[in-house]
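Student: entry_26.pdb (PDB, C-alpha atoms) pasted underneath:
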```pdb
ATOM      1  CA  MET A   1       0.000   0.000   0.000
ATOM      2  CA  THR A   2       2.810   2.415   0.876
ATOM      3  CA  LEU A   3       4.636   1.746  -2.373
ATOM      4  CA  HIS A   4       1.475   2.299  -4.389
ATOM      5  CA  SER A   5       0.976   5.667  -2.675
ATOM      6  CA  LEU A   6       4.576   6.605  -3.413
ATOM      7  CA  SER A   7       4.137   5.587  -7.045
ATOM      8  CA  TYR A   8       1.358   8.172  -7.425
ATOM      9  CA  LEU A   9       3.682  10.885  -6.120
ATOM     10  CA  MET A  10       6.501   9.695  -8.327
ATOM     11  CA  SER A  11       4.157   9.612 -11.354
ATOM     12  CA  ASP A  12       3.638  13.345 -10.913
ATOM     13  CA  VAL A  13       7.390  13.858 -10.676
ATOM     14  CA  ARG A  14       7.917  11.797 -13.835
ATOM     15  CA  ARG A  15       5.296  13.805 -15.735
ATOM     16  CA  PHE A  16       6.835  17.080 -14.530
ATOM     17  CA  SER A  17      10.315  15.853 -15.485
ATOM     18  CA  TRP A  18       9.151  14.746 -18.934
ATOM     19  CA  ASP A  19       7.555  18.138 -19.526
ATOM     20  CA  LEU A  20      10.657  19.897 -18.284
ATOM     21  CA  SER A  21      12.882  17.792 -20.554
ATOM     22  CA  LEU A  22      10.671  18.576 -23.524
ATOM     23  CA  PHE A  23      10.379  22.295 -22.876
ATOM     24  CA  MET A  24      14.136  22.585 -22.292
ATOM     25  CA  SER A  25      14.876  21.094 -25.723
ATOM     26  CA  SER A  26      16.168  23.405 -28.458
ATOM     27  CA  GLU A  27      12.891  22.911 -30.348
ATOM     28  CA  PHE A  28      11.037  24.741 -27.564
ATOM     29  CA  ASP A  29      13.710  26.563 -25.527
ATOM     30  CA  PHE A  30      11.111  27.641 -22.971
ATOM     31  CA  ILE A  31      13.164  26.761 -19.892
ATOM     32  CA  LYS A  32      16.819  26.763 -18.958
ATOM     33  CA  LEU A  33      18.399  25.301 -15.849
ATOM     34  CA  ALA A  34      21.125  26.988 -13.858
ATOM     35  CA  SER A  35      24.523  25.347 -14.238
ATOM     36  CA  SER A  36      24.158  24.023 -10.678
ATOM     37  CA  HIS A  37      21.588  21.572 -12.046
ATOM     38  CA  THR A  38      23.262  20.465 -15.267
ATOM     39  CA  THR A  39      26.427  18.595 -16.181
ATOM     40  CA  GLY A  40      28.617  18.828 -19.242
ATOM     41  CA  SER A  41      28.295  16.367 -22.058
ATOM     42  CA  SER A  42      30.932  13.656 -22.389
ATOM     43  CA  ILE A  43      31.375  14.388 -26.093
ATOM     44  CA  MET A  44      29.670  17.679 -26.945
ATOM     45  CA  PRO A  45      31.488  20.628 -25.322
ATOM     46  CA  ASN A  46      28.607  23.008 -26.060
ATOM     47  CA  LYS A  47      25.961  20.900 -24.318
ATOM     48  CA  ASN A  48      24.730  20.860 -20.732
ATOM     49  CA  ASN A  49      22.707  17.816 -19.754
ATOM     50  CA  PRO A  50      19.777  18.039 -17.317
ATOM     51  CA  ASP A  51      20.956  14.926 -15.455
ATOM     52  CA  ILE A  52      18.973  15.713 -12.308
ATOM     53  CA  VAL A  53      15.766  15.957 -14.323
ATOM     54  CA  GLU A  54      16.509  12.677 -16.081
ATOM     55  CA  MET A  55      17.275  10.890 -12.802
ATOM     56  CA  MET A  56      14.086  12.251 -11.242
ATOM     57  CA  ARG A  57      12.163  11.028 -14.288
ATOM     58  CA  ALA A  58      13.632   7.540 -13.833
ATOM     59  CA  GLY A  59      12.805   7.348 -10.118
ATOM     60  CA  LEU A  60       9.304   6.012 -10.749
ATOM     61  CA  SER A  61      10.760   2.892 -12.354
ATOM     62  CA  VAL A  62      12.565   2.074  -9.104
ATOM     63  CA  VAL A  63       9.331   2.403  -7.112
ATOM     64  CA  GLU A  64       7.384   0.359  -9.684
ATOM     65  CA  GLY A  65      10.099  -2.309  -9.556
ATOM     66  CA  ALA A  66       9.775  -2.429  -5.782
ATOM     67  CA  ILE A  67       6.009  -2.874  -6.131
ATOM     68  CA  GLN A  68       6.473  -5.751  -8.548
ATOM     69  CA  GLN A  69       9.079  -7.407  -6.343
ATOM     70  CA  THR A  70       6.828  -7.121  -3.290
ATOM     71  CA  GLN A  71       3.734  -8.348  -5.123
ATOM     72  CA  SER A  72       5.514 -11.439  -6.363
ATOM     73  CA  LEU A  73       6.383 -12.266  -2.750
ATOM     74  CA  LEU A  74       2.752 -12.029  -1.699
ATOM     75  CA  SER A  75       1.561 -15.018  -3.723
ATOM     76  CA  LEU A  76       1.762 -17.208  -0.624
ATOM     77  CA  PRO A  77      -0.700 -19.199   1.440
ATOM     78  CA  SER A  78      -2.198 -17.457   4.461
ATOM     79  CA  GLY A  79      -0.249 -17.263   7.682
ATOM     80  CA  TYR A  80       3.283 -16.172   8.472
ATOM     81  CA  GLN A  81       5.859 -16.961   5.820
ATOM     82  CA  ARG A  82       9.532 -16.203   6.266
ATOM     83  CA  ASP A  83       9.630 -15.236   2.563
ATOM     84  CA  LEU A  84       7.971 -11.945   3.546
ATOM     85  CA  GLN A  85      11.214 -10.783   5.140
ATOM     86  CA  LEU A  86      12.429 -10.201   1.603
ATOM     87  CA  SER A  87       9.816  -7.457   1.255
ATOM     88  CA  LYS A  88      11.794  -5.098   3.486
ATOM     89  CA  GLU A  89      14.455  -4.301   0.903
ATOM     90  CA  PRO A  90      12.124  -3.220  -1.934
ATOM     91  CA  ILE A  91       9.891  -1.255   0.432
ATOM     92  CA  LEU A  92      12.842   0.636   1.879
ATOM     93  CA  LYS A  93      14.346   1.111  -1.582
ATOM     94  CA  GLY A  94      11.105   2.603  -2.936
ATOM     95  CA  MET A  95      10.746   4.883   0.078
ATOM     96  CA  GLU A  96      14.351   6.045  -0.182
ATOM     97  CA  MET A  97      14.092   6.750  -3.903
ATOM     98  CA  THR A  98      10.996   8.862  -3.303
ATOM     99  CA  ARG A  99      12.669  10.736  -0.438
ATOM    100  CA  GLN A 100      15.788  11.450  -2.503
ATOM    101  CA  THR A 101      13.763  12.573  -5.500
ATOM    102  CA  PHE A 102      11.615  14.964  -3.504
ATOM    103  CA  ALA A 103      14.716  16.352  -1.783
ATOM    104  CA  LEU A 104      15.935  17.499  -5.226
ATOM    105  CA  LEU A 105      12.712  19.239  -6.174
ATOM    106  CA  PRO A 106      13.046  22.573  -4.269
ATOM    107  CA  GLY A 107      16.517  23.271  -5.658
ATOM    108  CA  LEU A 108      15.418  22.310  -9.149
ATOM    109  CA  LEU A 109      12.479  24.708  -9.024
ATOM    110  CA  THR A 110      14.729  27.611  -8.031
ATOM    111  CA  ALA A 111      17.231  26.674 -10.779
ATOM    112  CA  MET A 112      14.611  27.039 -13.517
ATOM    113  CA  HIS A 113      14.674  30.141 -15.721
ATOM    114  CA  PHE A 114      11.768  30.753 -18.080
ATOM    115  CA  ASN A 115      12.169  32.249 -21.547
ATOM    116  CA  GLN A 116       8.963  34.294 -21.436
ATOM    117  CA  ASP A 117       9.408  35.758 -24.914
ATOM    118  CA  LYS A 118       9.596  32.289 -26.508
ATOM    119  CA  MET A 119       6.712  31.016 -24.409
ATOM    120  CA  THR A 120       4.502  33.973 -25.325
ATOM    121  CA  ALA A 121       5.421  33.687 -29.010
ATOM    122  CA  ALA A 122       4.319  30.039 -28.968
ATOM    123  CA  ILE A 123       0.760  30.974 -28.000
ATOM    124  CA  THR A 124      -1.228  31.075 -31.215
ATOM    125  CA  PRO A 125      -4.814  32.277 -31.842
ATOM    126  CA  GLU A 126      -6.258  28.775 -32.289
ATOM    127  CA  MET A 127      -5.281  28.073 -28.679
ATOM    128  CA  MET A 128      -7.997  30.533 -27.661
ATOM    129  CA  ALA A 129     -10.822  28.585 -29.326
ATOM    130  CA  THR A 130     -12.229  27.367 -26.014
ATOM    131  CA  ASP A 131     -12.053  30.886 -24.576
ATOM    132  CA  ARG A 132     -13.965  32.186 -27.607
ATOM    133  CA  ALA A 133     -16.618  29.497 -27.259
ATOM    134  CA  LEU A 134     -17.120  30.151 -23.551
ATOM    135  CA  LYS A 135     -17.322  33.896 -24.144
ATOM    136  CA  LYS A 136     -20.061  33.330 -26.746
ATOM    137  CA  VAL A 137     -21.962  31.130 -24.287
ATOM    138  CA  LEU A 138     -21.807  33.912 -21.675
ATOM    139  CA  GLU A 139     -23.216  36.238 -24.329
ATOM    140  CA  GLY A 140     -26.219  33.907 -24.716
ATOM    141  CA  GLN A 141     -25.253  31.618 -27.594
ATOM    142  CA  SER A 142     -25.818  27.881 -27.182
ATOM    143  CA  PHE A 143     -22.650  25.920 -26.525
ATOM    144  CA  ARG A 144     -23.151  23.868 -29.676
ATOM    145  CA  ASN A 145     -23.281  26.977 -31.871
ATOM    146  CA  ALA A 146     -20.493  28.691 -29.938
ATOM    147  CA  TYR A 147     -18.371  25.578 -30.364
ATOM    148  CA  LEU A 148     -18.998  25.413 -34.112
ATOM    149  CA  ASP A 149     -18.399  29.159 -34.579
ATOM    150  CA  SER A 150     -15.158  29.028 -32.605
ATOM    151  CA  LYS A 151     -14.012  25.983 -34.535
ATOM    152  CA  GLN A 152     -14.268  27.953 -37.778
ATOM    153  CA  THR A 153     -12.650  31.138 -36.447
ATOM    154  CA  VAL A 154      -8.875  31.169 -36.185
ATOM    155  CA  GLN A 155      -8.503  34.805 -35.180
ATOM    156  CA  SER A 156      -8.897  35.763 -31.570
ATOM    157  CA  ASP A 157      -9.846  39.040 -30.002
ATOM    158  CA  MET A 158      -8.212  37.853 -26.795
ATOM    159  CA  THR A 159      -4.550  37.941 -25.855
ATOM    160  CA  ALA A 160      -2.831  35.172 -23.923
ATOM    161  CA  GLU A 161      -2.614  37.472 -20.903
ATOM    162  CA  GLN A 162      -6.372  38.100 -21.011
ATOM    163  CA  SER A 163      -7.052  34.387 -21.307
ATOM    164  CA  VAL A 164      -4.957  33.600 -18.249
ATOM    165  CA  ALA A 165      -6.457  36.506 -16.283
ATOM    166  CA  GLU A 166      -9.974  35.195 -16.941
ATOM    167  CA  ARG A 167      -9.164  31.786 -15.491
ATOM    168  CA  VAL A 168     -10.110  32.692 -11.966
ATOM    169  CA  SER A 169     -11.782  29.510 -10.793
ATOM    170  CA  LEU A 170      -9.987  27.870  -7.879
ATOM    171  CA  GLY A 171      -7.152  25.820  -9.297
ATOM    172  CA  GLY A 172      -7.114  27.733 -12.582
ATOM    173  CA  ALA A 173      -3.983  29.395 -13.951
ATOM    174  CA  ALA A 174      -4.816  32.772 -12.429
ATOM    175  CA  ASN A 175      -5.960  31.320  -9.101
ATOM    176  CA  LEU A 176      -3.853  28.326  -8.099
ATOM    177  CA  GLY A 177      -5.239  28.471  -4.580
ATOM    178  CA  LEU A 178      -1.801  28.228  -2.996
ATOM    179  CA  ASP A 179      -2.976  30.287  -0.037
ATOM    180  CA  VAL A 180      -5.703  27.705   0.617
ATOM    181  CA  LEU A 181      -3.160  24.880   0.443
ATOM    182  CA  LYS A 182      -0.742  26.700   2.773
ATOM    183  CA  LYS A 183      -3.521  27.167   5.287
ATOM    184  CA  ARG A 184      -4.485  23.486   5.080
ATOM    185  CA  PHE A 185      -0.890  22.303   5.433
ATOM    186  CA  GLY A 186      -0.367  24.760   8.304
ATOM    187  CA  SER A 187      -3.302  23.291  10.185
ATOM    188  CA  LEU A 188      -1.796  19.805   9.824
ATOM    189  CA  ILE A 189       1.482  20.923  11.406
ATOM    190  CA  ASP A 190      -0.066  22.761  14.364
TER
END
```
Please re-express this file's structure in structure tokens.

Tutor:
Amino acid sequence: MTLHSLSYLMSDVRRFSWDLSLFMSSEFDFIKLASSHTTGSSIMPNKNNPDIVEMMRAGLSVVEGAIQQTQSLLSLPSGYQRDLQLSKEPILKGMEMTRQTFALLPGLLTAMHFNQDKMTAAITPEMMATDRALKKVLEGQSFRNAYLDSKQTVQSDMTAEQSVAERVSLGGAANLGLDVLKKRFGSLID
């Protein structure tokens, strides 16, 4: 049960790491890491590798391996079986991998530098189609018609900044609700 819970946490880390790896690539160039979080390439002098990101991405496989190892031990008859002592190693290994991975996360987040110009330039009008449809619905149009109209219209009368600013529902881009989470976590510590 513990390892399964850890695998959910590590799945989020893997997804974040994959996204980070992708958006750091030269094709996107949205994010750069400080040199404290990269290492030089063994053959390409001009390249800095995001080794920490890649190791964090791989951490889930260690936890999943520990789950598999533990599950294969559990195919036993009921009662105490000495075989179960072999479950300690994978459980501890999965817990340690998760602990080490999460210990890297705060430093990684502070080492990230965003290329806002490139990110803004990548936002194209068709990305605002949902915003256009929802705006038309608020103006009284049926969603079906608003959807079809927005599907046909490539131009947008909304900027990326306006789109983000209008996402004010709790958890949306303009209202992450971090203050709510801080308050909840604070009450758990007290």

Student: Kindly indicate which residue among A:Thr38, A:Thr2, A:Thr153, A:Ser142 lies nearest to A:Ser21, using only C-alpha atoms for the distances.

Tutor: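 For A:Ser21, the nearest of the given residues is A:Thr38.
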
Student: Evaluating the PyMOL selection byres ((chain A and resi 102) around 12) on the displayed file yields which residues, as a PDB file with C-alpha atoms, keeping the file's coordinate frame?

Tutor:
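Wrote selection.pdb, looks like this:
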```pdb
ATOM      1  CA  LEU A   6       4.576   6.605  -3.413  1.00  0.00           C
ATOM      2  CA  LEU A   9       3.682  10.885  -6.120  1.00  0.00           C
ATOM      3  CA  MET A  10       6.501   9.695  -8.327  1.00  0.00           C
ATOM      4  CA  ASP A  12       3.638  13.345 -10.913  1.00  0.00           C
ATOM      5  CA  VAL A  13       7.390  13.858 -10.676  1.00  0.00           C
ATOM      6  CA  ARG A  14       7.917  11.797 -13.835  1.00  0.00           C
ATOM      7  CA  ILE A  52      18.973  15.713 -12.308  1.00  0.00           C
ATOM      8  CA  VAL A  53      15.766  15.957 -14.323  1.00  0.00           C
ATOM      9  CA  MET A  55      17.275  10.890 -12.802  1.00  0.00           C
ATOM     10  CA  MET A  56      14.086  12.251 -11.242  1.00  0.00           C
ATOM     11  CA  ARG A  57      12.163  11.028 -14.288  1.00  0.00           C
ATOM     12  CA  GLY A  59      12.805   7.348 -10.118  1.00  0.00           C
ATOM     13  CA  LEU A  60       9.304   6.012 -10.749  1.00  0.00           C
ATOM     14  CA  MET A  95      10.746   4.883   0.078  1.00  0.00           C
ATOM     15  CA  GLU A  96      14.351   6.045  -0.182  1.00  0.00           C
ATOM     16  CA  MET A  97      14.092   6.750  -3.903  1.00  0.00           C
ATOM     17  CA  THR A  98      10.996   8.862  -3.303  1.00  0.00           C
ATOM     18  CA  ARG A  99      12.669  10.736  -0.438  1.00  0.00           C
ATOM     19  CA  GLN A 100      15.788  11.450  -2.503  1.00  0.00           C
ATOM     20  CA  THR A 101      13.763  12.573  -5.500  1.00  0.00           C
ATOM     21  CA  ALA A 103      14.716  16.352  -1.783  1.00  0.00           C
ATOM     22  CA  LEU A 104      15.935  17.499  -5.226  1.00  0.00           C
ATOM     23  CA  LEU A 105      12.712  19.239  -6.174  1.00  0.00           C
ATOM     24  CA  PRO A 106      13.046  22.573  -4.269  1.00  0.00           C
ATOM     25  CA  GLY A 107      16.517  23.271  -5.658  1.00  0.00           C
ATOM     26  CA  LEU A 108      15.418  22.310  -9.149  1.00  0.00           C
ATOM     27  CA  LEU A 109      12.479  24.708  -9.024  1.00  0.00           C
TER      28      LEU A 109
END
```

Student: Could you jot down the atom CA of A:Leu3 to atom CA of A:His37 separation for me, Å, one decimal place?

Tutor: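 Value for the atom CA of A:Leu3-atom CA of A:His37 distance: 27.8 Å.
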
Student: With only C-alpha atoms as the basis for distance, which of A:Asn145, A:Ser11, A:Thr159, A:Ser169 is at the shortest distance from A:Ser61?

Tutor: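 Among the listed residues, the smallest separation from A:Ser61 belongs to A:Ser11.
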
Student: For A:Val63, which of A:Lys88, A:Lys32, A:His113, A:His4 is the closest residue, counting only C-alpha atoms?

Tutor: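 Selected residue with least distance to A:Val63: A:His4.
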
Student: Given the PyMOL selection byres ((chain A and resi 30) around 9) and the file above, list the residues it selects as a PyMOL selection string.

Tutor: chain A and resi 23-29+31-32+113-119

Student: Have a look at atom CA of A:Ile91 and atom CA of A:Pro77 and let me know their distance in Å, one decimal.

Tutor: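 Atom-to-atom, atom CA of A:Ile91 and atom CA of A:Pro77 are spaced 20.9 Å apart.
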
Student: Just checking: using all atoms listed in the file, which residue out of A:Leu92, A:Ala34, A:Leu84, A:Leu148 ends up closest to A:Thr110?

Tutor: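 Among A:Leu92, A:Ala34, A:Leu84, A:Leu148, it is A:Ala34 that comes nearest to A:Thr110.
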
Student: Write out as JSON lines a residue-level contact list of stretch 51-163 of chain A versus stretch 170-181 of chain A with cut-off 12 Å: for each qualifying residue the closest pair of atoms and the distance in Å to one decimal, counting all atoms listed in the file, rows sorted by chain and residue number upward.

Tutor:
```
{"residue": "A:Ala160", "atom": "CA", "partner": "A:Ala173", "partner_atom": "CA", "distance": 11.6}
{"residue": "A:Glu161", "atom": "CA", "partner": "A:Ala174", "partner_atom": "CA", "distance": 9.9}
{"residue": "A:Gln162", "atom": "CA", "partner": "A:Ala174", "partner_atom": "CA", "distance": 10.2}
{"residue": "A:Ser163", "atom": "CA", "partner": "A:Ala174", "partner_atom": "CA", "distance": 9.3}
```

Student: Convert the output of the PyMOL selection byres ((chain A and resi 83) around 12) on the shown file into explicit residues, formatted as a PyMOL selection string.

Tutor: chain A and resi 69-77+79-82+84-88
